[in-house]
Amino acid sequence: QKEVEQNSGPLSVPEGAIASLNCTYSDRGSQSFFWYRQYSGKSPELIMFIYSNGDKEDGRFTAQLNKASQYVSLLIRDSQPSDSATYLCAVNINNDMRFGAGTRLTVKP
Amino acid sequence: DVKVTQSSRYLVKRTGEKVFLECVQDMDHENMFWYRQDPGLGLRLIYFSYDVKMKEKGDIPEGYSVSREKKERFSLILESASTNQTSMYLCASSFTIGTGEGYGYTFGSGTRLTVV
């Protein structure tokens with residue numbers, strides 16, 4: 001089992017819809033959880049982090065964490081074409097950051 | 001804003017050459033990392049460092065070495081470049097707080113290395 005798993009996609013949503021990106025992780029000792037956005041040909045950019053169970057909202061983005069289920073998700077409300085990118089989930093345990101392979105999201109106008 | 005600067009955006013080197021990739025961060029981060037990213041394989045950790053003169057092997061250290069003589073600079077060295085080292089190389093840095101709860105990484109813009 002991979003340490004961090006994401007649906008590879010591609011995920012396609014219409015403009016204005018909610019995009020839901022999912023990630024599961026294998027190590028129950030994982031302490032902090034991150035979402036990065038990577039545009040084609042660019043480097044990853046941190047957009048959200050979450051440490052505690054529940055939801056964390058930042059503008060159109062909501063990160064959700066369920067440690068019991070070892071599940072973290074990213075919701076993007078009112079999706080825009082500029083949200084089209086690959087989204088990487090990352091999990092940190094004792095300063096060891098593990099990345100998922102990423103989910104490619106396309107938002108169609 | 002934290003800046004992580006990689007010295008070259010694109011590099012073309014010949015097989016067998018010794019290649020130096022430089023990374024400098026300006027926010028006094030303790031931790032620095034080198035990754036390579038290849039289509040279908042995601043980010044793979046090559047080496048990392050939690051302090052000056054300290055280095056640890058990541059998942060794929062073979063064929064690489066690193067140097068961290070100053071806190072702000074972390075260099076990746078390809079001792080003898082080979083075609084299978086053609087890749088996007090990403091440097092990252094971060095703070096550490098507490099006993100493991102860390103900040104996210106800030107990545108440099110990447111170096112696309114082609115070995116011919």
# chains A, B, ... in the order shown; residues from 1 in each chain; ligands from 1
>>> residues_around(residues="stretch 108-111 of chain B", least_positions_apart="6", cutoff="9 Å", atoms="only C-alpha atoms", output="PyMOL selection string")
(chain A and resi 42-44) or (chain B and resi 3-11+21+23-25+87-93)
>>> write_last_selection(atoms="C-alpha atoms", output="PDB file, in the first residue's frame")
ATOM      1  CA  LYS A  42       5.712  25.000 -12.565  1.00  0.00           C
ATOM      2  CA  SER A  43       6.721  23.980  -9.062  1.00  0.00           C
ATOM      3  CA  PRO A  44       4.251  22.997  -6.315  1.00  0.00           C
TER       4      PRO A  44
ATOM      5  CA  LYS B   3      12.000  32.728  -1.603  1.00  0.00           C
ATOM      6  CA  VAL B   4      13.740  29.592  -2.672  1.00  0.00           C
ATOM      7  CA  THR B   5      15.964  30.276  -5.617  1.00  0.00           C
ATOM      8  CA  GLN B   6      17.395  27.641  -7.905  1.00  0.00           C
ATOM      9  CA  SER B   7      20.332  28.793  -9.959  1.00  0.00           C
ATOM     10  CA  SER B   8      19.208  27.508 -13.354  1.00  0.00           C
ATOM     11  CA  ARG B   9      15.814  26.996 -14.945  1.00  0.00           C
ATOM     12  CA  TYR B  10      17.099  24.800 -17.760  1.00  0.00           C
ATOM     13  CA  LEU B  11      20.351  22.880 -18.081  1.00  0.00           C
ATOM     14  CA  LEU B  21      22.506  22.353  -8.904  1.00  0.00           C
ATOM     15  CA  CYS B  23      19.535  26.211  -4.140  1.00  0.00           C
ATOM     16  CA  VAL B  24      19.389  29.244  -1.855  1.00  0.00           C
ATOM     17  CA  GLN B  25      16.615  30.203   0.571  1.00  0.00           C
ATOM     18  CA  SER B  87      14.383  15.158 -14.918  1.00  0.00           C
ATOM     19  CA  MET B  88      12.869  18.172 -13.181  1.00  0.00           C
ATOM     20  CA  TYR B  89      14.785  18.874  -9.977  1.00  0.00           C
ATOM     21  CA  LEU B  90      13.020  20.716  -7.201  1.00  0.00           C
ATOM     22  CA  CYS B  91      14.550  22.227  -4.111  1.00  0.00           C
ATOM     23  CA  ALA B  92      12.380  22.933  -1.073  1.00  0.00           C
ATOM     24  CA  SER B  93      12.829  24.376   2.393  1.00  0.00           C
TER      25      SER B  93
END
>>> select_by_dssp(residues="stretch 48-106 of chain B", states="strand (DSSP E or B)", output="list in words")
Phe48, Ser49, Glu56, Lys57, Tyr64, Ser65, Val66, Ser67, Arg68, Glu69, Lys70, Arg73, Phe74, Ser75, Leu76, Ile77, Leu78, Ser87, Met88, Tyr89, Leu90, Cys91, Ala92, Ser93, Ser94, Thr96, Gly102 and Thr106 of chain B
>>> residues_around(residues="B:Val115", least_positions_apart="5", cutoff="8 Å", atoms="only C-alpha atoms", output="compact mmCIF listing (two decimals) with C-alpha atoms, in the first residue's frame")
# COMPACT_ATOMS: atom_id res chain seq x y z
CA VAL B 12 21.74 20.61 -20.77
CA LYS B 13 24.72 18.48 -19.82
CA ARG B 14 26.66 15.66 -21.40
CA THR B 15 26.84 12.13 -20.07
CA ALA B 81 25.57 12.57 -15.14
CA SER B 82 23.64 9.85 -16.93
CA THR B 83 20.67 10.02 -19.28
CA ASN B 84 18.38 8.48 -16.64
CA GLN B 85 19.00 11.57 -14.52
CA THR B 86 17.16 13.71 -17.04
>>> closest_residue(among="A:Leu21, A:Pro14, A:Leu65, A:Ser40", to="A:Val91", atoms="only C-alpha atoms")
A:Leu65
>>> interface_residues(of="chain B", to="chain A", cutoff="10 Å", atoms="only C-alpha atoms", output="PDB file with all heavy atoms, in the first residue's frame")
ATOM      1  N   ASN B  31      15.391  23.363   7.423  1.00  0.00           N
ATOM      2  CA  ASN B  31      15.316  22.157   6.597  1.00  0.00           C
ATOM      3  C   ASN B  31      15.380  22.487   5.116  1.00  0.00           C
ATOM      4  O   ASN B  31      14.720  23.416   4.640  1.00  0.00           O
ATOM      5  CB  ASN B  31      13.986  21.428   6.859  1.00  0.00           C
ATOM      6  CG  ASN B  31      13.729  21.230   8.332  1.00  0.00           C
ATOM      7  OD1 ASN B  31      14.650  20.960   9.085  1.00  0.00           O
ATOM      8  ND2 ASN B  31      12.488  21.355   8.729  1.00  0.00           N
ATOM      9  N   GLN B  37      11.221  15.116 -10.032  1.00  0.00           N
ATOM     10  CA  GLN B  37       9.839  14.846 -10.397  1.00  0.00           C
ATOM     11  C   GLN B  37       9.793  14.368 -11.839  1.00  0.00           C
ATOM     12  O   GLN B  37      10.254  15.061 -12.750  1.00  0.00           O
ATOM     13  CB  GLN B  37       8.979  16.096 -10.219  1.00  0.00           C
ATOM     14  CG  GLN B  37       7.489  15.843 -10.413  1.00  0.00           C
ATOM     15  CD  GLN B  37       6.644  17.060 -10.091  1.00  0.00           C
ATOM     16  OE1 GLN B  37       7.038  18.189 -10.357  1.00  0.00           O
ATOM     17  NE2 GLN B  37       5.459  16.846  -9.519  1.00  0.00           N
ATOM     18  N   PRO B  39       7.228  12.326 -14.845  1.00  0.00           N
ATOM     19  CA  PRO B  39       5.834  11.978 -15.167  1.00  0.00           C
ATOM     20  C   PRO B  39       5.495  10.559 -14.708  1.00  0.00           C
ATOM     21  O   PRO B  39       6.239   9.612 -14.966  1.00  0.00           O
ATOM     22  CB  PRO B  39       5.796  12.090 -16.695  1.00  0.00           C
ATOM     23  CG  PRO B  39       6.884  13.054 -17.024  1.00  0.00           C
ATOM     24  CD  PRO B  39       7.964  12.801 -16.018  1.00  0.00           C
ATOM     25  N   GLY B  40       4.385  10.438 -14.023  1.00  0.00           N
ATOM     26  CA  GLY B  40       3.924   9.125 -13.553  1.00  0.00           C
ATOM     27  C   GLY B  40       4.589   8.629 -12.291  1.00  0.00           C
ATOM     28  O   GLY B  40       4.135   7.660 -11.682  1.00  0.00           O
ATOM     29  N   LEU B  41       5.673   9.274 -11.864  1.00  0.00           N
ATOM     30  CA  LEU B  41       6.401   8.823 -10.664  1.00  0.00           C
ATOM     31  C   LEU B  41       6.277   9.804  -9.514  1.00  0.00           C
ATOM     32  O   LEU B  41       6.683   9.502  -8.397  1.00  0.00           O
ATOM     33  CB  LEU B  41       7.880   8.609 -10.996  1.00  0.00           C
ATOM     34  CG  LEU B  41       8.175   7.514 -12.013  1.00  0.00           C
ATOM     35  CD1 LEU B  41       9.669   7.454 -12.308  1.00  0.00           C
ATOM     36  CD2 LEU B  41       7.684   6.156 -11.518  1.00  0.00           C
ATOM     37  N   GLY B  42       5.750  10.981  -9.757  1.00  0.00           N
ATOM     38  CA  GLY B  42       5.575  11.952  -8.691  1.00  0.00           C
ATOM     39  C   GLY B  42       6.891  12.506  -8.182  1.00  0.00           C
ATOM     40  O   GLY B  42       7.938  12.434  -8.842  1.00  0.00           O
ATOM     41  N   LEU B  43       6.823  13.060  -6.980  1.00  0.00           N
ATOM     42  CA  LEU B  43       8.001  13.627  -6.331  1.00  0.00           C
ATOM     43  C   LEU B  43       8.755  12.530  -5.595  1.00  0.00           C
ATOM     44  O   LEU B  43       8.175  11.806  -4.793  1.00  0.00           O
ATOM     45  CB  LEU B  43       7.583  14.704  -5.330  1.00  0.00           C
ATOM     46  CG  LEU B  43       7.137  16.043  -5.902  1.00  0.00           C
ATOM     47  CD1 LEU B  43       6.394  16.837  -4.840  1.00  0.00           C
ATOM     48  CD2 LEU B  43       8.337  16.822  -6.389  1.00  0.00           C
ATOM     49  N   ARG B  44      10.038  12.459  -5.843  1.00  0.00           N
ATOM     50  CA  ARG B  44      10.859  11.477  -5.136  1.00  0.00           C
ATOM     51  C   ARG B  44      12.007  12.205  -4.448  1.00  0.00           C
ATOM     52  O   ARG B  44      12.720  12.995  -5.070  1.00  0.00           O
ATOM     53  CB  ARG B  44      11.394  10.426  -6.114  1.00  0.00           C
ATOM     54  CG  ARG B  44      10.306   9.522  -6.681  1.00  0.00           C
ATOM     55  CD  ARG B  44      10.888   8.447  -7.587  1.00  0.00           C
ATOM     56  NE  ARG B  44      11.405   8.997  -8.822  1.00  0.00           N
ATOM     57  CZ  ARG B  44      12.159   8.315  -9.671  1.00  0.00           C
ATOM     58  NH1 ARG B  44      12.509   7.062  -9.414  1.00  0.00           N
ATOM     59  NH2 ARG B  44      12.570   8.889 -10.796  1.00  0.00           N
ATOM     60  N   LEU B  45      12.184  11.889  -3.170  1.00  0.00           N
ATOM     61  CA  LEU B  45      13.163  12.583  -2.345  1.00  0.00           C
ATOM     62  C   LEU B  45      14.554  12.005  -2.590  1.00  0.00           C
ATOM     63  O   LEU B  45      14.774  10.806  -2.446  1.00  0.00           O
ATOM     64  CB  LEU B  45      12.777  12.452  -0.871  1.00  0.00           C
ATOM     65  CG  LEU B  45      13.669  13.131   0.149  1.00  0.00           C
ATOM     66  CD1 LEU B  45      13.671  14.648  -0.058  1.00  0.00           C
ATOM     67  CD2 LEU B  45      13.204  12.781   1.560  1.00  0.00           C
ATOM     68  N   PHE B  48      18.100  15.194   1.959  1.00  0.00           N
ATOM     69  CA  PHE B  48      17.610  16.304   2.741  1.00  0.00           C
ATOM     70  C   PHE B  48      18.605  16.644   3.836  1.00  0.00           C
ATOM     71  O   PHE B  48      19.541  15.883   4.125  1.00  0.00           O
ATOM     72  CB  PHE B  48      16.212  16.009   3.317  1.00  0.00           C
ATOM     73  CG  PHE B  48      16.143  14.820   4.224  1.00  0.00           C
ATOM     74  CD1 PHE B  48      16.171  14.978   5.603  1.00  0.00           C
ATOM     75  CD2 PHE B  48      16.005  13.540   3.706  1.00  0.00           C
ATOM     76  CE1 PHE B  48      16.076  13.880   6.446  1.00  0.00           C
ATOM     77  CE2 PHE B  48      15.907  12.439   4.541  1.00  0.00           C
ATOM     78  CZ  PHE B  48      15.950  12.613   5.913  1.00  0.00           C
ATOM     79  N   TYR B  50      18.707  18.798   7.765  1.00  0.00           N
ATOM     80  CA  TYR B  50      18.025  19.517   8.832  1.00  0.00           C
ATOM     81  C   TYR B  50      18.917  20.551   9.494  1.00  0.00           C
ATOM     82  O   TYR B  50      18.481  21.258  10.403  1.00  0.00           O
ATOM     83  CB  TYR B  50      17.511  18.546   9.895  1.00  0.00           C
ATOM     84  CG  TYR B  50      16.384  17.653   9.444  1.00  0.00           C
ATOM     85  CD1 TYR B  50      16.215  16.386  10.003  1.00  0.00           C
ATOM     86  CD2 TYR B  50      15.482  18.057   8.475  1.00  0.00           C
ATOM     87  CE1 TYR B  50      15.179  15.554   9.595  1.00  0.00           C
ATOM     88  CE2 TYR B  50      14.449  17.240   8.060  1.00  0.00           C
ATOM     89  CZ  TYR B  50      14.296  15.993   8.621  1.00  0.00           C
ATOM     90  OH  TYR B  50      13.270  15.180   8.212  1.00  0.00           O
ATOM     91  N   GLY B  58      17.621  10.316   1.012  1.00  0.00           N
ATOM     92  CA  GLY B  58      16.206  10.130   0.813  1.00  0.00           C
ATOM     93  C   GLY B  58      15.925   8.773   0.195  1.00  0.00           C
ATOM     94  O   GLY B  58      16.635   7.798   0.470  1.00  0.00           O
ATOM     95  N   MET B  88      13.064  16.882 -13.849  1.00  0.00           N
ATOM     96  CA  MET B  88      12.869  18.172 -13.181  1.00  0.00           C
ATOM     97  C   MET B  88      13.355  18.015 -11.750  1.00  0.00           C
ATOM     98  O   MET B  88      12.898  17.124 -11.036  1.00  0.00           O
ATOM     99  CB  MET B  88      11.386  18.558 -13.201  1.00  0.00           C
ATOM    100  CG  MET B  88      11.069  19.764 -12.322  1.00  0.00           C
ATOM    101  SD  MET B  88      11.727  21.303 -12.942  1.00  0.00           S
ATOM    102  CE  MET B  88      10.348  21.831 -13.971  1.00  0.00           C
ATOM    103  N   TYR B  89      14.253  18.911 -11.335  1.00  0.00           N
ATOM    104  CA  TYR B  89      14.785  18.874  -9.977  1.00  0.00           C
ATOM    105  C   TYR B  89      14.213  20.047  -9.190  1.00  0.00           C
ATOM    106  O   TYR B  89      14.278  21.201  -9.616  1.00  0.00           O
ATOM    107  CB  TYR B  89      16.314  18.922  -9.998  1.00  0.00           C
ATOM    108  CG  TYR B  89      16.900  17.638 -10.500  1.00  0.00           C
ATOM    109  CD1 TYR B  89      17.094  17.408 -11.861  1.00  0.00           C
ATOM    110  CD2 TYR B  89      17.228  16.602  -9.609  1.00  0.00           C
ATOM    111  CE1 TYR B  89      17.593  16.210 -12.322  1.00  0.00           C
ATOM    112  CE2 TYR B  89      17.733  15.403 -10.068  1.00  0.00           C
ATOM    113  CZ  TYR B  89      17.908  15.217 -11.424  1.00  0.00           C
ATOM    114  OH  TYR B  89      18.410  14.022 -11.880  1.00  0.00           O
ATOM    115  N   LEU B  90      13.668  19.718  -8.044  1.00  0.00           N
ATOM    116  CA  LEU B  90      13.020  20.716  -7.201  1.00  0.00           C
ATOM    117  C   LEU B  90      13.689  20.767  -5.843  1.00  0.00           C
ATOM    118  O   LEU B  90      13.855  19.747  -5.181  1.00  0.00           O
ATOM    119  CB  LEU B  90      11.539  20.390  -7.030  1.00  0.00           C
ATOM    120  CG  LEU B  90      10.675  20.554  -8.278  1.00  0.00           C
ATOM    121  CD1 LEU B  90       9.366  19.800  -8.123  1.00  0.00           C
ATOM    122  CD2 LEU B  90      10.410  22.025  -8.532  1.00  0.00           C
ATOM    123  N   CYS B  91      14.040  21.978  -5.454  1.00  0.00           N
ATOM    124  CA  CYS B  91      14.550  22.227  -4.111  1.00  0.00           C
ATOM    125  C   CYS B  91      13.407  22.754  -3.263  1.00  0.00           C
ATOM    126  O   CYS B  91      12.521  23.467  -3.777  1.00  0.00           O
ATOM    127  CB  CYS B  91      15.680  23.240  -4.181  1.00  0.00           C
ATOM    128  SG  CYS B  91      16.351  23.742  -2.593  1.00  0.00           S
ATOM    129  N   ALA B  92      13.399  22.432  -1.983  1.00  0.00           N
ATOM    130  CA  ALA B  92      12.380  22.933  -1.073  1.00  0.00           C
ATOM    131  C   ALA B  92      13.015  23.227   0.278  1.00  0.00           C
ATOM    132  O   ALA B  92      14.052  22.663   0.633  1.00  0.00           O
ATOM    133  CB  ALA B  92      11.238  21.928  -0.915  1.00  0.00           C
ATOM    134  N   SER B  94      11.912  24.433   4.625  1.00  0.00           N
ATOM    135  CA  SER B  94      10.840  24.579   5.603  1.00  0.00           C
ATOM    136  C   SER B  94      11.408  24.836   6.985  1.00  0.00           C
ATOM    137  O   SER B  94      12.578  24.551   7.264  1.00  0.00           O
ATOM    138  CB  SER B  94       9.966  23.311   5.646  1.00  0.00           C
ATOM    139  OG  SER B  94      10.618  22.270   6.327  1.00  0.00           O
ATOM    140  N   PHE B  95      10.543  25.369   7.867  1.00  0.00           N
ATOM    141  CA  PHE B  95      10.821  25.414   9.289  1.00  0.00           C
ATOM    142  C   PHE B  95      10.371  24.096   9.903  1.00  0.00           C
ATOM    143  O   PHE B  95       9.592  23.348   9.332  1.00  0.00           O
ATOM    144  CB  PHE B  95      10.019  26.528   9.967  1.00  0.00           C
ATOM    145  CG  PHE B  95      10.562  27.897   9.758  1.00  0.00           C
ATOM    146  CD1 PHE B  95       9.764  28.867   9.179  1.00  0.00           C
ATOM    147  CD2 PHE B  95      11.839  28.235  10.166  1.00  0.00           C
ATOM    148  CE1 PHE B  95      10.246  30.157   8.985  1.00  0.00           C
ATOM    149  CE2 PHE B  95      12.329  29.523   9.971  1.00  0.00           C
ATOM    150  CZ  PHE B  95      11.526  30.481   9.375  1.00  0.00           C
ATOM    151  N   THR B  96      10.824  23.857  11.094  1.00  0.00           N
ATOM    152  CA  THR B  96      10.279  22.799  11.936  1.00  0.00           C
ATOM    153  C   THR B  96       9.868  23.415  13.249  1.00  0.00           C
ATOM    154  O   THR B  96      10.599  24.231  13.792  1.00  0.00           O
ATOM    155  CB  THR B  96      11.331  21.721  12.223  1.00  0.00           C
ATOM    156  OG1 THR B  96      11.786  21.180  11.011  1.00  0.00           O
ATOM    157  CG2 THR B  96      10.741  20.606  13.068  1.00  0.00           C
ATOM    158  N   ILE B  97       8.695  23.023  13.738  1.00  0.00           N
ATOM    159  CA  ILE B  97       8.299  23.441  15.076  1.00  0.00           C
ATOM    160  C   ILE B  97       7.894  22.207  15.858  1.00  0.00           C
ATOM    161  O   ILE B  97       7.443  21.215  15.286  1.00  0.00           O
ATOM    162  CB  ILE B  97       7.129  24.445  15.052  1.00  0.00           C
ATOM    163  CG1 ILE B  97       5.943  23.893  14.272  1.00  0.00           C
ATOM    164  CG2 ILE B  97       7.592  25.773  14.497  1.00  0.00           C
ATOM    165  CD1 ILE B  97       4.728  24.778  14.364  1.00  0.00           C
ATOM    166  N   GLY B  98       8.049  22.254  17.135  1.00  0.00           N
ATOM    167  CA  GLY B  98       7.611  21.159  17.986  1.00  0.00           C
ATOM    168  C   GLY B  98       8.328  19.871  17.691  1.00  0.00           C
ATOM    169  O   GLY B  98       9.476  19.855  17.253  1.00  0.00           O
ATOM    170  N   THR B  99       7.630  18.799  17.889  1.00  0.00           N
ATOM    171  CA  THR B  99       8.260  17.490  17.746  1.00  0.00           C
ATOM    172  C   THR B  99       7.892  16.811  16.445  1.00  0.00           C
ATOM    173  O   THR B  99       8.088  15.639  16.263  1.00  0.00           O
ATOM    174  CB  THR B  99       7.835  16.574  18.910  1.00  0.00           C
ATOM    175  OG1 THR B  99       6.406  16.491  18.924  1.00  0.00           O
ATOM    176  CG2 THR B  99       8.335  17.105  20.223  1.00  0.00           C
ATOM    177  N   GLY B 100       7.376  17.518  15.532  1.00  0.00           N
ATOM    178  CA  GLY B 100       7.073  16.887  14.254  1.00  0.00           C
ATOM    179  C   GLY B 100       6.044  17.628  13.453  1.00  0.00           C
ATOM    180  O   GLY B 100       5.970  17.471  12.249  1.00  0.00           O
ATOM    181  N   GLU B 101       5.279  18.447  14.114  1.00  0.00           N
ATOM    182  CA  GLU B 101       4.312  19.242  13.375  1.00  0.00           C
ATOM    183  C   GLU B 101       5.077  20.318  12.632  1.00  0.00           C
ATOM    184  O   GLU B 101       5.733  21.163  13.225  1.00  0.00           O
ATOM    185  CB  GLU B 101       3.336  19.886  14.370  1.00  0.00           C
ATOM    186  CG  GLU B 101       2.163  20.551  13.721  1.00  0.00           C
ATOM    187  CD  GLU B 101       1.183  21.031  14.778  1.00  0.00           C
ATOM    188  OE1 GLU B 101       0.424  20.189  15.292  1.00  0.00           O
ATOM    189  OE2 GLU B 101       1.203  22.217  15.112  1.00  0.00           O
ATOM    190  N   GLY B 102       5.071  20.259  11.339  1.00  0.00           N
ATOM    191  CA  GLY B 102       5.922  21.149  10.586  1.00  0.00           C
ATOM    192  C   GLY B 102       5.136  22.063   9.685  1.00  0.00           C
ATOM    193  O   GLY B 102       3.970  21.846   9.394  1.00  0.00           O
ATOM    194  N   TYR B 103       5.780  23.105   9.254  1.00  0.00           N
ATOM    195  CA  TYR B 103       5.210  23.919   8.207  1.00  0.00           C
ATOM    196  C   TYR B 103       5.301  23.163   6.894  1.00  0.00           C
ATOM    197  O   TYR B 103       6.090  22.267   6.726  1.00  0.00           O
ATOM    198  CB  TYR B 103       5.987  25.225   8.071  1.00  0.00           C
ATOM    199  CG  TYR B 103       5.784  26.185   9.209  1.00  0.00           C
ATOM    200  CD1 TYR B 103       6.775  26.393  10.144  1.00  0.00           C
ATOM    201  CD2 TYR B 103       4.607  26.907   9.315  1.00  0.00           C
ATOM    202  CE1 TYR B 103       6.602  27.285  11.175  1.00  0.00           C
ATOM    203  CE2 TYR B 103       4.423  27.802  10.347  1.00  0.00           C
ATOM    204  CZ  TYR B 103       5.423  27.993  11.276  1.00  0.00           C
ATOM    205  OH  TYR B 103       5.244  28.879  12.294  1.00  0.00           O
ATOM    206  N   GLY B 104       4.507  23.631   5.932  1.00  0.00           N
ATOM    207  CA  GLY B 104       4.661  23.076   4.599  1.00  0.00           C
ATOM    208  C   GLY B 104       5.956  23.540   3.977  1.00  0.00           C
ATOM    209  O   GLY B 104       6.669  24.378   4.513  1.00  0.00           O
ATOM    210  N   TYR B 105       6.239  22.973   2.841  1.00  0.00           N
ATOM    211  CA  TYR B 105       7.464  23.299   2.127  1.00  0.00           C
ATOM    212  C   TYR B 105       7.231  24.481   1.200  1.00  0.00           C
ATOM    213  O   TYR B 105       6.141  24.655   0.652  1.00  0.00           O
ATOM    214  CB  TYR B 105       7.900  22.124   1.266  1.00  0.00           C
ATOM    215  CG  TYR B 105       8.384  20.917   2.027  1.00  0.00           C
ATOM    216  CD1 TYR B 105       8.392  20.848   3.407  1.00  0.00           C
ATOM    217  CD2 TYR B 105       8.831  19.798   1.332  1.00  0.00           C
ATOM    218  CE1 TYR B 105       8.831  19.726   4.081  1.00  0.00           C
ATOM    219  CE2 TYR B 105       9.269  18.667   1.992  1.00  0.00           C
ATOM    220  CZ  TYR B 105       9.271  18.640   3.360  1.00  0.00           C
ATOM    221  OH  TYR B 105       9.700  17.514   4.014  1.00  0.00           O
ATOM    222  N   THR B 106       8.291  25.240   0.991  1.00  0.00           N
ATOM    223  CA  THR B 106       8.323  26.219  -0.085  1.00  0.00           C
ATOM    224  C   THR B 106       9.284  25.690  -1.130  1.00  0.00           C
ATOM    225  O   THR B 106      10.435  25.376  -0.810  1.00  0.00           O
ATOM    226  CB  THR B 106       8.789  27.585   0.421  1.00  0.00           C
ATOM    227  OG1 THR B 106       7.878  28.050   1.417  1.00  0.00           O
ATOM    228  CG2 THR B 106       8.828  28.589  -0.715  1.00  0.00           C
ATOM    229  N   PHE B 107       8.803  25.593  -2.339  1.00  0.00           N
ATOM    230  CA  PHE B 107       9.610  25.041  -3.421  1.00  0.00           C
ATOM    231  C   PHE B 107      10.244  26.144  -4.246  1.00  0.00           C
ATOM    232  O   PHE B 107       9.681  27.240  -4.416  1.00  0.00           O
ATOM    233  CB  PHE B 107       8.734  24.191  -4.352  1.00  0.00           C
ATOM    234  CG  PHE B 107       8.380  22.842  -3.798  1.00  0.00           C
ATOM    235  CD1 PHE B 107       7.251  22.680  -3.010  1.00  0.00           C
ATOM    236  CD2 PHE B 107       9.174  21.733  -4.059  1.00  0.00           C
ATOM    237  CE1 PHE B 107       6.911  21.433  -2.489  1.00  0.00           C
ATOM    238  CE2 PHE B 107       8.850  20.485  -3.549  1.00  0.00           C
ATOM    239  CZ  PHE B 107       7.719  20.348  -2.763  1.00  0.00           C
ATOM    240  N   GLY B 108      11.419  25.831  -4.772  1.00  0.00           N
ATOM    241  CA  GLY B 108      12.001  26.660  -5.795  1.00  0.00           C
ATOM    242  C   GLY B 108      11.293  26.440  -7.119  1.00  0.00           C
ATOM    243  O   GLY B 108      10.408  25.588  -7.236  1.00  0.00           O
ATOM    244  N   SER B 109      11.663  27.194  -8.118  1.00  0.00           N
ATOM    245  CA  SER B 109      10.982  27.136  -9.414  1.00  0.00           C
ATOM    246  C   SER B 109      11.393  25.922 -10.246  1.00  0.00           C
ATOM    247  O   SER B 109      10.769  25.642 -11.266  1.00  0.00           O
ATOM    248  CB  SER B 109      11.243  28.415 -10.208  1.00  0.00           C
ATOM    249  OG  SER B 109      12.634  28.624 -10.350  1.00  0.00           O
ATOM    250  N   GLY B 110      12.407  25.206  -9.791  1.00  0.00           N
ATOM    251  CA  GLY B 110      12.786  23.973 -10.471  1.00  0.00           C
ATOM    252  C   GLY B 110      13.873  24.169 -11.506  1.00  0.00           C
ATOM    253  O   GLY B 110      14.027  25.243 -12.093  1.00  0.00           O
ATOM    254  N   THR B 111      14.635  23.107 -11.717  1.00  0.00           N
ATOM    255  CA  THR B 111      15.633  23.060 -12.784  1.00  0.00           C
ATOM    256  C   THR B 111      15.326  21.864 -13.663  1.00  0.00           C
ATOM    257  O   THR B 111      15.309  20.723 -13.162  1.00  0.00           O
ATOM    258  CB  THR B 111      17.058  22.925 -12.226  1.00  0.00           C
ATOM    259  OG1 THR B 111      17.388  24.082 -11.466  1.00  0.00           O
ATOM    260  CG2 THR B 111      18.066  22.746 -13.351  1.00  0.00           C
ATOM    261  N   ARG B 112      15.072  22.131 -14.917  1.00  0.00           N
ATOM    262  CA  ARG B 112      14.830  21.019 -15.844  1.00  0.00           C
ATOM    263  C   ARG B 112      16.171  20.641 -16.456  1.00  0.00           C
ATOM    264  O   ARG B 112      16.745  21.394 -17.247  1.00  0.00           O
ATOM    265  CB  ARG B 112      13.828  21.400 -16.914  1.00  0.00           C
ATOM    266  CG  ARG B 112      13.444  20.223 -17.797  1.00  0.00           C
ATOM    267  CD  ARG B 112      12.201  20.468 -18.621  1.00  0.00           C
ATOM    268  NE  ARG B 112      10.995  20.618 -17.817  1.00  0.00           N
ATOM    269  CZ  ARG B 112      10.293  19.602 -17.297  1.00  0.00           C
ATOM    270  NH1 ARG B 112      10.701  18.356 -17.491  1.00  0.00           N
ATOM    271  NH2 ARG B 112       9.195  19.829 -16.624  1.00  0.00           N
TER     272      ARG B 112
END
>>> atom_distance(atom1="atom CA of A:Arg28", atom2="atom CA of B:Glu56")
23.8 Å
>>> closest_atom_pairs(of="stretch 53-99 of chain A", to="stretch 22-25 of chain A", cutoff="7 Å", atoms="only C-alpha atoms", output="CSV")
residue,atom,partner,partner_atom,distance
A:Gln70,CA,A:Tyr25,CA,5.6
A:Tyr71,CA,A:Thr24,CA,4.5
A:Val72,CA,A:Cys23,CA,5.2
A:Ser73,CA,A:Asn22,CA,4.4
A:Leu74,CA,A:Asn22,CA,6.5
A:Cys89,CA,A:Cys23,CA,6.4
>>> residues_around(residues="B:Gly63", least_positions_apart="3", cutoff="12 Å", atoms="only C-alpha atoms", output="JSON, numbers by chain")
{"B": [16, 18, 19, 46, 47, 57, 60, 66, 76, 77, 78, 79, 80, 81, 82, 83, 84, 85]}
